[in-house]
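Asks: Okay, so here is coords09.cif, and as you'll see once you scroll down, it has mmCIF, C-alpha atoms and all ligand atoms.
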```cif
data_protein
#
loop_
_atom_site.label_atom_id
_atom_site.label_comp_id
_atom_site.auth_asym_id
_atom_site.auth_seq_id
_atom_site.Cartn_x
_atom_site.Cartn_y
_atom_site.Cartn_z
CA MET F 17 -138.23 160.47 -116.23
CA SER F 18 -136.52 157.17 -116.70
CA ALA F 19 -133.34 156.52 -114.77
CA VAL F 20 -130.12 155.53 -116.45
CA PRO F 21 -128.24 152.63 -114.83
CA GLN F 22 -125.12 153.62 -112.88
CA SER F 23 -122.81 151.78 -115.24
CA ARG F 24 -123.98 154.05 -118.05
CA SER F 25 -121.76 157.00 -117.47
CA TRP F 26 -120.01 158.59 -120.42
CA PRO F 27 -116.24 158.00 -120.76
CA GLU F 28 -114.24 160.85 -119.28
CA GLU F 29 -112.57 161.57 -122.65
CA GLY F 30 -115.90 163.11 -123.73
CA VAL F 31 -117.11 163.12 -127.33
CA THR F 32 -114.00 161.41 -128.69
CA ARG F 33 -115.36 158.21 -127.18
CA VAL F 34 -118.78 156.76 -127.84
CA PRO F 35 -119.58 153.95 -125.43
CA TYR F 36 -121.16 150.98 -127.16
CA TRP F 37 -124.01 150.66 -124.67
CA VAL F 38 -125.63 153.63 -126.45
CA TYR F 39 -126.47 151.25 -129.32
CA GLN F 40 -127.62 148.37 -127.12
CA ASP F 41 -129.39 149.47 -124.01
CA GLU F 42 -133.20 149.27 -123.73
CA GLU F 43 -133.31 151.84 -120.98
CA ILE F 44 -131.27 154.30 -123.04
CA TYR F 45 -133.57 153.68 -126.00
CA ARG F 46 -136.67 154.51 -123.94
CA ARG F 47 -134.99 157.63 -122.59
CA GLU F 48 -134.17 158.74 -126.15
CA GLN F 49 -137.83 158.51 -127.07
CA GLU F 50 -138.77 160.71 -124.17
CA ARG F 51 -135.93 163.21 -124.09
CA ILE F 52 -134.96 163.43 -127.75
CA PHE F 53 -137.90 162.56 -129.98
CA ARG F 54 -140.62 163.78 -127.61
CA GLY F 55 -138.28 166.39 -126.20
CA ALA F 56 -136.91 169.73 -127.40
CA THR F 57 -135.82 168.65 -130.88
CA TRP F 58 -137.28 169.28 -134.32
CA ASN F 59 -138.30 166.14 -136.17
CA PHE F 60 -138.64 166.06 -139.93
CA LEU F 61 -142.23 165.41 -141.05
CA GLY F 62 -141.88 165.67 -144.82
CA LEU F 63 -141.79 168.10 -147.69
CA GLU F 64 -144.59 170.63 -147.96
CA ALA F 65 -144.82 169.53 -151.59
CA GLU F 66 -146.20 166.21 -150.33
CA LEU F 67 -149.31 168.09 -149.15
CA PRO F 68 -150.10 170.54 -151.96
CA ASN F 69 -153.87 170.86 -151.41
CA PRO F 70 -156.25 171.58 -148.51
CA GLY F 71 -157.23 168.28 -146.91
CA ASP F 72 -154.02 166.53 -147.96
CA PHE F 73 -152.50 164.39 -145.24
CA LYS F 74 -149.66 161.98 -144.63
CA THR F 75 -148.72 159.75 -141.74
CA THR F 76 -145.22 159.36 -140.38
CA PHE F 77 -143.42 159.07 -137.04
CA VAL F 78 -141.69 161.25 -134.52
CA GLY F 79 -139.38 158.70 -132.98
CA GLU F 80 -141.74 155.79 -132.40
CA MET F 81 -144.77 158.04 -131.99
CA PRO F 82 -147.05 157.81 -135.01
CA VAL F 83 -148.32 161.16 -136.26
CA VAL F 84 -150.67 162.59 -138.88
CA VAL F 85 -149.62 165.70 -140.80
CA THR F 86 -152.36 167.68 -142.55
CA ARG F 87 -152.95 170.77 -144.59
CA GLY F 88 -156.06 172.68 -143.56
CA ALA F 89 -158.55 174.71 -145.58
CA ARG F 90 -156.44 177.88 -145.39
CA GLY F 91 -153.23 176.07 -146.23
CA GLU F 92 -152.08 175.76 -142.62
CA LEU F 93 -150.00 172.77 -141.58
CA ARG F 94 -150.91 170.69 -138.54
CA CYS F 95 -149.52 167.63 -136.91
CA PHE F 96 -151.06 165.46 -134.23
CA GLU F 97 -150.51 162.09 -132.71
CA ASN F 98 -152.00 159.24 -134.69
CA ARG F 99 -153.69 157.83 -131.59
CA CYS F 100 -157.41 157.67 -131.01
CA ALA F 101 -158.71 159.33 -127.83
CA HIS F 102 -160.89 156.31 -127.14
CA ARG F 103 -158.73 153.24 -126.74
CA GLY F 104 -155.60 154.29 -128.51
CA SER F 105 -155.92 152.81 -132.00
CA LEU F 106 -154.20 154.47 -134.92
CA LEU F 107 -156.88 156.87 -136.08
CA CYS F 108 -155.53 157.08 -139.63
CA LEU F 109 -154.33 153.92 -141.36
CA LYS F 110 -153.28 155.33 -144.71
CA ASP F 111 -149.81 156.56 -145.73
CA CYS F 112 -151.27 159.62 -147.43
CA GLY F 113 -154.41 160.95 -149.09
CA ASN F 114 -156.98 163.71 -148.95
CA ALA F 115 -159.69 163.87 -146.30
CA LYS F 116 -162.27 166.12 -144.66
CA GLU F 117 -162.08 164.17 -141.43
CA PHE F 118 -160.63 161.01 -139.97
CA ALA F 119 -162.73 158.17 -138.57
CA CYS F 120 -161.10 155.59 -136.33
CA VAL F 121 -161.99 152.15 -137.68
CA TYR F 122 -162.32 150.57 -134.24
CA HIS F 123 -165.45 152.34 -132.93
CA ASN F 124 -165.82 155.15 -135.45
CA TRP F 125 -164.83 158.15 -133.35
CA THR F 126 -164.10 161.04 -135.67
CA TYR F 127 -161.52 163.85 -135.84
CA ASP F 128 -161.09 167.00 -137.88
CA LEU F 129 -157.92 167.98 -139.75
CA GLU F 130 -156.52 169.60 -136.60
CA GLY F 131 -156.87 166.42 -134.60
CA ASN F 132 -159.90 167.61 -132.58
CA LEU F 133 -162.31 164.90 -131.53
CA THR F 134 -165.53 165.75 -133.38
CA GLY F 135 -167.76 162.73 -132.87
CA VAL F 136 -168.28 159.74 -130.58
CA ALA F 137 -170.46 157.00 -132.08
CA PHE F 138 -173.59 156.30 -130.02
CA ARG F 139 -172.48 158.76 -127.36
CA ARG F 140 -176.03 158.98 -125.99
CA GLY F 141 -176.63 155.24 -126.34
CA ILE F 142 -179.39 153.65 -128.35
CA GLN F 143 -183.06 154.00 -127.43
CA GLY F 144 -182.15 155.48 -124.08
CA LYS F 145 -179.85 152.65 -123.14
CA GLY F 146 -176.08 152.60 -122.86
CA GLY F 147 -173.90 155.48 -123.97
CA MET F 148 -171.53 157.65 -122.01
CA PRO F 149 -172.19 159.56 -118.78
CA ALA F 150 -173.32 163.13 -119.47
CA ASP F 151 -170.21 164.58 -117.82
CA ALA F 152 -167.74 162.34 -119.69
CA LYS F 153 -164.81 164.21 -121.25
CA PRO F 154 -163.30 161.86 -123.82
CA GLU F 155 -161.37 164.78 -125.36
CA SER F 156 -159.21 164.71 -122.24
CA GLN F 157 -157.37 161.82 -123.90
CA ALA F 158 -157.25 163.47 -127.33
CA PRO F 159 -154.18 162.99 -129.51
CA ARG F 160 -151.46 165.46 -128.59
CA ARG F 161 -150.71 168.24 -131.04
CA LEU F 162 -147.26 169.11 -132.21
CA ARG F 163 -145.88 172.49 -133.09
CA VAL F 164 -145.19 172.54 -136.82
CA GLU F 165 -142.74 174.80 -138.59
CA SER F 166 -141.92 174.84 -142.25
CA PHE F 167 -138.45 176.01 -143.23
CA CYS F 168 -137.82 176.29 -146.99
CA GLY F 169 -140.63 173.82 -147.66
CA LEU F 170 -139.30 171.29 -145.11
CA MET F 171 -141.84 170.49 -142.40
CA PHE F 172 -140.63 169.88 -138.86
CA GLY F 173 -142.62 169.03 -135.74
CA THR F 174 -142.02 169.03 -132.02
CA LEU F 175 -144.04 168.29 -128.90
CA SER F 176 -141.87 170.72 -126.99
CA GLU F 177 -142.53 174.38 -126.29
CA ALA F 178 -138.84 174.77 -125.49
CA ALA F 179 -137.44 173.99 -128.95
CA PRO F 180 -136.14 177.22 -130.54
CA PRO F 181 -137.35 178.25 -134.02
CA VAL F 182 -136.09 175.82 -136.67
CA GLU F 183 -133.73 178.33 -138.24
CA LYS F 184 -132.07 178.98 -134.93
CA TYR F 185 -131.97 175.27 -134.20
CA LEU F 186 -130.03 174.74 -137.44
CA GLY F 187 -127.63 177.62 -136.92
CA PRO F 188 -127.05 180.29 -139.62
CA ASP F 189 -124.40 178.42 -141.65
CA VAL F 190 -126.40 175.20 -141.90
CA ALA F 191 -129.61 177.16 -142.59
CA ALA F 192 -127.83 178.84 -145.52
CA LYS F 193 -126.98 175.44 -146.96
CA VAL F 194 -130.60 174.33 -146.61
CA ARG F 195 -131.63 177.44 -148.56
CA ARG F 196 -129.02 176.64 -151.17
CA VAL F 197 -130.74 173.38 -152.11
CA MET F 198 -134.33 174.35 -151.29
CA LYS F 199 -133.97 177.45 -153.44
CA GLU F 200 -137.27 177.12 -155.29
CA PRO F 201 -140.50 175.06 -155.20
CA VAL F 202 -139.91 171.35 -155.52
CA LYS F 203 -141.73 168.39 -156.98
CA ILE F 204 -141.65 164.85 -155.64
CA LEU F 205 -140.11 162.21 -157.91
CA GLY F 206 -140.45 159.09 -155.74
CA GLY F 207 -138.74 157.36 -152.89
CA TYR F 208 -137.39 154.34 -151.11
CA SER F 209 -137.55 152.88 -147.65
CA GLN F 210 -135.03 150.54 -146.13
CA VAL F 211 -134.75 148.75 -142.81
CA PHE F 212 -131.36 148.50 -141.12
CA PRO F 213 -130.55 145.76 -138.58
CA ASN F 214 -128.87 148.28 -136.29
CA ASN F 215 -129.50 151.10 -133.88
CA TRP F 216 -130.69 154.38 -135.45
CA LYS F 217 -127.67 156.35 -134.22
CA LEU F 218 -125.26 154.17 -136.17
CA TYR F 219 -126.80 155.43 -139.37
CA MET F 220 -126.81 159.04 -138.20
CA ASP F 221 -123.16 158.99 -137.21
CA ASN F 222 -122.40 157.35 -140.54
CA VAL F 223 -124.06 160.31 -142.29
CA LYS F 224 -122.03 162.72 -140.16
CA ASP F 225 -118.84 160.86 -140.94
CA THR F 226 -117.12 162.62 -143.85
CA TYR F 227 -114.08 160.42 -143.52
CA HIS F 228 -115.70 157.13 -144.55
CA ALA F 229 -117.35 158.21 -147.80
CA SER F 230 -114.46 157.78 -150.17
CA LEU F 231 -113.02 154.79 -148.30
CA LEU F 232 -116.11 152.63 -147.82
CA HIS F 233 -117.86 153.59 -151.04
CA LEU F 234 -115.67 152.26 -153.82
CA PHE F 235 -117.71 154.01 -156.47
CA PHE F 236 -116.92 157.44 -155.03
CA ALA F 237 -113.14 157.20 -155.16
CA THR F 238 -112.89 154.92 -158.18
CA PHE F 239 -114.82 157.30 -160.40
CA ARG F 240 -113.51 160.37 -158.54
CA LEU F 241 -116.90 161.72 -157.42
CA ASN F 242 -115.60 162.27 -153.94
CA ARG F 243 -111.99 162.15 -152.87
CA LEU F 244 -110.65 163.78 -149.79
CA GLU F 245 -108.06 165.74 -151.79
CA GLN F 246 -110.87 167.52 -153.64
CA LYS F 247 -111.89 170.87 -152.23
CA GLY F 248 -114.65 170.82 -149.69
CA GLY F 249 -115.34 171.19 -146.04
CA VAL F 250 -117.52 170.48 -143.08
CA ILE F 251 -119.64 172.93 -141.17
CA VAL F 252 -121.02 172.12 -137.74
CA GLY F 253 -123.98 174.16 -136.56
CA GLY F 254 -126.55 174.60 -133.81
CA ASP F 255 -125.52 172.80 -130.63
CA GLY F 256 -123.37 170.44 -132.69
CA GLY F 257 -126.35 168.43 -133.90
CA SER F 258 -126.56 169.89 -137.38
CA HIS F 259 -123.84 169.70 -139.99
CA VAL F 260 -123.07 170.08 -143.68
CA SER F 261 -120.28 168.45 -145.60
CA PHE F 262 -119.53 169.38 -149.17
CA THR F 263 -117.22 168.46 -152.00
CA MET F 264 -116.26 170.25 -155.18
CA MET F 265 -115.54 167.41 -157.57
CA LYS F 266 -114.24 169.66 -160.33
CA THR F 267 -111.33 170.72 -158.09
CA ASP F 268 -109.87 167.25 -158.48
CA THR F 269 -106.12 167.53 -159.02
CA ARG F 270 -105.91 163.92 -160.19
CA ALA F 271 -103.63 163.40 -157.20
CA GLN F 272 -102.87 159.79 -156.48
CA GLU F 273 -103.25 159.96 -152.67
CA TYR F 274 -105.51 156.91 -152.53
CA GLU F 275 -103.27 154.90 -154.83
CA LYS F 276 -100.23 155.83 -152.70
CA ALA F 277 -102.05 154.88 -149.51
CA GLY F 278 -103.04 151.58 -151.10
CA VAL F 279 -106.63 151.87 -149.90
CA ARG F 280 -109.21 149.41 -151.15
CA SER F 281 -111.14 152.04 -153.12
CA ALA F 282 -108.13 152.82 -155.35
CA LYS F 283 -107.64 149.35 -156.71
CA GLY F 284 -109.05 147.88 -159.85
CA GLY F 285 -108.46 150.32 -162.71
CA LEU F 286 -112.14 150.28 -163.54
CA ALA F 287 -114.01 152.47 -166.02
CA LEU F 288 -117.75 152.99 -166.40
CA GLU F 289 -119.47 151.36 -169.38
CA ALA F 290 -122.16 154.03 -169.15
CA PRO F 291 -120.45 157.21 -167.92
CA GLN F 292 -123.69 159.14 -168.43
CA VAL F 293 -124.83 157.79 -165.04
CA ILE F 294 -122.52 160.35 -163.44
CA GLU F 295 -123.01 163.19 -165.90
CA SER F 296 -124.22 166.26 -164.09
CA VAL F 297 -124.84 169.96 -164.47
CA ASP F 298 -123.80 172.68 -162.00
CA GLU F 299 -127.37 173.90 -161.55
CA ILE F 300 -126.72 175.88 -158.36
CA GLY F 301 -123.67 177.48 -159.93
CA ASP F 302 -121.22 177.28 -157.04
CA GLY F 303 -119.25 174.20 -158.01
CA ILE F 304 -120.46 172.14 -155.05
CA THR F 305 -121.14 168.71 -156.50
CA LEU F 306 -121.98 166.96 -153.27
CA GLN F 307 -123.61 168.31 -150.14
CA ILE F 308 -124.82 166.17 -147.27
CA LEU F 309 -126.63 167.97 -144.48
CA ALA F 310 -128.00 166.37 -141.34
CA VAL F 311 -130.05 167.75 -138.49
CA PHE F 312 -130.32 166.06 -135.12
CA PRO F 313 -131.98 163.74 -134.48
CA GLY F 314 -132.94 162.18 -137.79
CA PHE F 315 -133.10 164.46 -140.81
CA ILE F 316 -130.88 164.43 -143.89
CA LEU F 317 -130.91 166.67 -146.96
CA GLN F 318 -128.85 165.42 -149.84
CA GLN F 319 -127.47 166.90 -153.05
CA ILE F 320 -125.32 164.39 -154.87
CA MET F 321 -124.69 166.11 -158.19
CA ASN F 322 -128.27 166.59 -159.41
CA SER F 323 -129.78 163.90 -157.25
CA LEU F 324 -131.78 165.68 -154.54
CA ALA F 325 -133.43 163.87 -151.67
CA VAL F 326 -134.56 164.13 -148.09
CA ARG F 327 -134.18 161.20 -145.74
CA VAL F 328 -135.66 160.61 -142.33
CA MET F 329 -134.39 158.10 -139.82
CA LEU F 330 -137.06 156.31 -137.80
CA PRO F 331 -136.01 154.22 -134.79
CA LYS F 332 -137.78 150.85 -134.57
CA GLY F 333 -136.35 149.37 -131.39
CA VAL F 334 -132.83 149.22 -130.03
CA GLY F 335 -131.38 147.20 -132.92
CA ARG F 336 -133.58 148.22 -135.81
CA CYS F 337 -134.41 151.37 -137.74
CA GLU F 338 -136.01 152.48 -140.96
CA LEU F 339 -134.70 155.09 -143.36
CA VAL F 340 -137.27 156.73 -145.63
CA TRP F 341 -135.98 158.55 -148.72
CA THR F 342 -137.95 161.03 -150.80
CA CYS F 343 -136.34 162.10 -154.07
CA PHE F 344 -137.30 165.42 -155.57
CA GLY F 345 -136.54 167.90 -158.31
CA TYR F 346 -137.59 171.50 -158.86
CA ALA F 347 -141.10 172.28 -160.05
CA SER F 348 -139.50 174.17 -162.93
CA ASP F 349 -137.54 171.14 -164.23
CA ASP F 350 -138.10 170.14 -167.83
CA ALA F 351 -138.35 166.48 -168.89
CA LYS F 352 -134.64 166.30 -169.64
CA MET F 353 -133.68 167.51 -166.19
CA THR F 354 -136.10 165.09 -164.54
CA GLU F 355 -134.54 162.27 -166.53
CA LEU F 356 -131.06 163.33 -165.43
CA ARG F 357 -132.16 163.29 -161.78
CA LEU F 358 -133.79 159.87 -162.18
CA LYS F 359 -130.67 158.49 -163.83
CA GLN F 360 -128.52 159.76 -160.97
CA SER F 361 -130.91 158.22 -158.44
CA ASN F 362 -129.11 154.97 -159.30
CA LEU F 363 -126.40 156.29 -157.01
CA ILE F 364 -128.61 156.46 -153.92
CA GLY F 365 -131.17 154.45 -151.96
CA PRO F 366 -130.89 150.94 -150.53
CA ALA F 367 -129.05 149.58 -153.58
CA GLY F 368 -127.42 152.82 -154.73
CA TYR F 369 -123.89 152.69 -156.11
CA ILE F 370 -122.70 155.06 -153.41
CA SER F 371 -125.05 154.31 -150.56
CA MET F 372 -125.58 150.57 -150.43
CA GLU F 373 -122.53 149.99 -148.27
CA ASP F 374 -123.78 152.24 -145.45
CA GLY F 375 -126.41 149.77 -144.27
CA ALA F 376 -123.79 147.03 -144.28
CA ALA F 377 -121.16 149.03 -142.40
CA THR F 378 -123.57 150.19 -139.70
CA SER F 379 -124.80 146.66 -139.11
CA PHE F 380 -121.17 145.45 -138.98
CA VAL F 381 -120.74 147.84 -136.05
CA GLN F 382 -123.89 146.60 -134.31
CA ARG F 383 -122.58 143.05 -134.65
CA GLY F 384 -118.98 143.94 -133.81
CA VAL F 385 -119.79 145.59 -130.51
CA ALA F 386 -122.22 142.92 -129.31
CA GLY F 387 -119.98 141.79 -126.45
CA ALA F 388 -118.50 145.18 -125.63
CA PRO F 389 -121.06 147.49 -124.02
CA LEU F 390 -118.41 149.08 -121.82
CA GLN F 391 -115.84 149.62 -124.58
CA ALA F 392 -116.02 152.70 -126.78
CA SER F 393 -115.26 153.90 -130.29
CA PHE F 394 -112.26 156.12 -130.96
CA VAL F 395 -113.22 159.38 -132.64
CA GLU F 396 -110.14 161.62 -132.89
CA MET F 397 -109.82 162.25 -136.63
CA GLY F 398 -109.33 165.98 -137.07
CA GLY F 399 -108.71 166.54 -133.38
CA ARG F 400 -110.84 166.32 -130.28
CA GLY F 401 -113.11 169.31 -130.65
CA VAL F 402 -116.35 170.19 -132.40
CA GLY F 403 -116.24 172.85 -135.10
CA SER F 404 -116.17 173.59 -138.80
CA ASP F 405 -113.15 172.59 -140.86
CA GLU F 406 -111.84 172.62 -144.40
CA SER F 407 -110.64 169.05 -144.20
CA ARG F 408 -112.97 166.14 -144.44
CA VAL F 409 -110.31 163.82 -142.99
CA ASN F 410 -112.19 164.65 -139.91
CA GLU F 411 -114.77 163.39 -137.46
CA THR F 412 -115.77 166.79 -136.10
CA SER F 413 -119.40 166.43 -137.12
CA VAL F 414 -119.59 162.99 -135.54
CA ARG F 415 -118.35 164.54 -132.29
CA GLY F 416 -120.91 167.33 -132.79
CA MET F 417 -123.74 164.83 -132.96
CA TRP F 418 -122.62 163.19 -129.72
CA GLN F 419 -122.32 166.59 -128.09
CA ALA F 420 -125.98 167.28 -128.93
CA TYR F 421 -126.98 163.77 -127.93
CA ARG F 422 -125.35 164.04 -124.53
CA LYS F 423 -126.98 167.38 -123.89
CA HIS F 424 -130.48 166.12 -124.68
CA MET F 425 -129.97 162.87 -122.82
CA GLY F 426 -128.31 164.40 -119.78
CA LEU F 427 -125.41 161.95 -120.15
S1 LIG D 1 -160.19 153.07 -130.40
FE1 LIG D 1 -160.75 154.59 -131.81
S2 LIG D 1 -162.88 154.61 -131.73
FE2 LIG D 1 -162.33 153.12 -130.28
FE FE D 2 -121.84 156.50 -146.65
#
```
So, in terms of structure tokens, how does the structure I just supplied come out?
Ligand code: FES
Ligand SMILES: [Fe+2]

Replies:
Amino acid sequence: MSAVPQSRSWPEEGVTRVPYWVYQDEEIYRREQERIFRGATWNFLGLEAELPNPGDFKTTFVGEMPVVVTRGARGELRCFENRCAHRGSLLCLKDCGNAKEFACVYHNWTYDLEGNLTGVAFRRGIQGKGGMPADAKPESQAPRRLRVESFCGLMFGTLSEAAPPVEKYLGPDVAAKVRRVMKEPVKILGGYSQVFPNNWKLYMDNVKDTYHASLLHLFFATFRLNRLEQKGGVIVGGDGGSHVSFTMMKTDTRAQEYEKAGVRSAKGGLALEAPQVIESVDEIGDGITLQILAVFPGFILQQIMNSLAVRVMLPKGVGRCELVWTCFGYASDDAKMTELRLKQSNLIGPAGYISMEDGAATSFVQRGVAGAPLQASFVEMGGRGVGSDESRVNETSVRGMWQAYRKHMGL
């Protein structure tokens, strides 16, 4: 286990302070890979709907570790490291497809859909010459297998035997909100991927941060999709690492809190030329127009009106990460509903009206703290504890994430 330098001790104030070395330190980054991503956490692998048929596969990552996810002949889901037993090449180079087996391009060793090594080219040599010793055990270096669990059609994987079942990991309140969105079979509509010039945790604590949404994202407050005076709340679950925040837009009192506070998002007196971009239907029937749910370390489930998506955060080095979005609808949607979802997808993704600023803000932090590894952020909105709350003028879920982080990291 990698050691953490002495100077890297957490501020005594606890989760109300996040020391900036967590976003900068190579040693911390390596420890995260080992203790978080290859440790006792559940990592999002994709939607089951991405693998509808036997033999379907996709490749993705658990932290930096490349993995292959497959559906076997009897519908079972498997996940194994995308690393050839021979000399370590990726054994599958495609993003997705359908296969009976995988053959590593380097020297043609082959694998079945469970990741078992099934063939070694020229194992016995050619014409009695060359080949491997009779007692060689190349499968001793076989790709590691992950435990896979599907919860409501969401596939998660872990290398750890210690991770509790996914539902328990989420906590009952967060699990209920997953069920709320994943209420019926889904169909994939498309996706985006974007690279951020900042540490992966800056994006995750941005997602957990209910306070920024209507202040940073001008579109939200200007067109009253999300204002903090609207009814809503935040639920923190599991060991603090999972959360849900929600807003009920139709409870808007037309209060002028933002105008009175003079915040940037209340200026301008703008109106939409094409208001149909924010037209929505209450398809779940509970008045919740916006629900953002995140699960430590890197999974996000989003309902922004009728725009549904999953996102997964993939670390790519200390100061770089990739966010992969998959937009979906329900299998039962008619063409009109699909069109509505696609129209609303203008709101999200790398250039979305209400999400484009996130990548900027998180990289502003990475740049802002460049000379301050021993300083810390100040996270006391809504108090100093971790728990659910009715107010979203609150950083409770941010503190929850750092509580989980510290536990996994032993910091
Ligand atoms: S590295 Fe895969 S077959 Fe050699
Ligand atoms: Fe945001």

Asks: What lies within 10 Å of segment 224-240 of chain F using all atoms listed in the file, ignoring chain neighbours under 6 positions off, as a count of residues only?

Replies: 55

Asks: Between F:Phe73, F:Trp37, F:Trp58, F:Trp125, which is the closest to ligand LIG 1 (chain D) once you count all atoms listed in the file?

Replies: F:Trp125

Asks: When distances are computed from all atoms listed in the file, which of F:Met81, F:Asn98, F:Ala56, F:Pro27 shows the smallest separation from ligand LIG 1 (chain D)?

Replies: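 Using all atoms listed in the file, ligand LIG 1 (chain D) sits closest to F:Asn98.
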
Asks: Atom CA of Val340 of chain F and atom FE of ligand FE 2 (chain D), how far apart in Å?

Replies: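 Here the two named atoms are 15.5 Å from each other.
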
Asks: Show me which residues sit within 7 Å of ligand LIG 1 (chain D) when counting only C-alpha atoms and all ligand atoms, and put them as a list in words.

Replies: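 Using only C-alpha atoms and all ligand atoms, I find these residues within 7 Å of ligand LIG 1 (chain D): Cys100, Ala101, His102, Arg103, Gly104, Ser105, Leu107, Cys120, Val121, Tyr122, His123, Asn124 and Trp125 of chain F.
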
Asks: Only C-alpha atoms, please: the residues just picked out, written as a tab-separated table (two decimals), in the coordinates of the input.

Replies:
```tsv
chain	number	residue	atom	x	y	z
F	100	CYS	CA	-157.41	157.67	-131.01
F	101	ALA	CA	-158.71	159.33	-127.83
F	102	HIS	CA	-160.89	156.31	-127.14
F	103	ARG	CA	-158.73	153.24	-126.74
F	104	GLY	CA	-155.60	154.29	-128.51
F	105	SER	CA	-155.92	152.81	-132.00
F	107	LEU	CA	-156.88	156.87	-136.08
F	120	CYS	CA	-161.10	155.59	-136.33
F	121	VAL	CA	-161.99	152.15	-137.68
F	122	TYR	CA	-162.32	150.57	-134.24
F	123	HIS	CA	-165.45	152.34	-132.93
F	124	ASN	CA	-165.82	155.15	-135.45
F	125	TRP	CA	-164.83	158.15	-133.35
```

Asks: Using Å and a single decimal, report how far atom CA of Ala178 of chain F sits from atom CA of Leu67 of chain F.

Replies: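 For atom CA of Leu67 of chain F relative to atom CA of Ala178 of chain F, the distance reads 26.7 Å.
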
Asks: Which one of F:Leu186, F:Ala420, F:Val84, F:Val334 sits closest to Val38 of chain F if you count all atoms listed in the file?

Replies: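 The shortest atom-to-atom distance to Val38 of chain F comes from F:Val334.
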
Asks: Hey, can you check how far atom CA of Leu241 of chain F sits from atom CA of Ile320 of chain F?

Replies: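 Atom-to-atom, atom CA of Leu241 of chain F to atom CA of Ile320 of chain F, that is 9.2 Å.
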
Asks: Quick one: residues within 8 Å of Gly375 of chain F, all atoms listed in the file, excluding same-chain residues fewer than 5 positions away - as number ranges by chain?

Replies: F: 212, 219, 366

Asks: Near Pro70 of chain F, within 6 Å and counting only C-alpha atoms, which residues show up once chain neighbours fewer than 4 positions away are dropped, as a list in words?

Replies: Arg87, Gly88, Ala89 and Gly91 of chain F

Asks: Hey, which of F:Thr174, F:Ser296, F:Thr86, F:Gln143 ends up closest to Thr57 of chain F? Count only C-alpha atoms.

Replies: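 Comparing F:Thr174, F:Ser296, F:Thr86, F:Gln143 against Thr57 of chain F, the winner is F:Thr174.
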
Asks: Pick out the closest residue to Gln157 of chain F from this set: F:Gly256, F:Pro313, F:Gly131, F:Pro389. Count all atoms listed in the file.

Replies: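 Closest to Gln157 of chain F of all the choices is F:Gly131.
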
Asks: Using only C-alpha atoms, pick whichever of F:Ser348, F:Asn362, F:Asn222, F:Gln272 has the shortest atom-to-atom distance to Leu244 of chain F.

Replies: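 Comparing F:Ser348, F:Asn362, F:Asn222, F:Gln272 against Leu244 of chain F, the winner is F:Gln272.
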
Asks: Taking 4 positions as the minimum chain separation for residues in the same chain, which residues sit within 7 Å of Tyr36 of chain F when counting only C-alpha atoms? Answer as a list of chain:residue names.

Replies: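 Listing them by chain and then by number gives F:Gln40, F:Val385, F:Ala388, F:Pro389, F:Leu390, F:Gln391, F:Ala392.
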
Asks: Near Asn214 of chain F, within 7 Å and counting all atoms listed in the file, which residues show up once chain neighbours fewer than 6 positions away are dropped, as a JSON list (two decimals) with C-alpha atoms, in the coordinates of the input?

Replies:
```
[["chain", "number", "residue", "atom", "x", "y", "z"],
["F", 335, "GLY", "CA", -131.38, 147.20, -132.92],
["F", 336, "ARG", "CA", -133.58, 148.22, -135.81],
["F", 337, "CYS", "CA", -134.41, 151.37, -137.74],
["F", 378, "THR", "CA", -123.57, 150.19, -139.70],
["F", 379, "SER", "CA", -124.80, 146.66, -139.11],
["F", 382, "GLN", "CA", -123.89, 146.60, -134.31]]
```
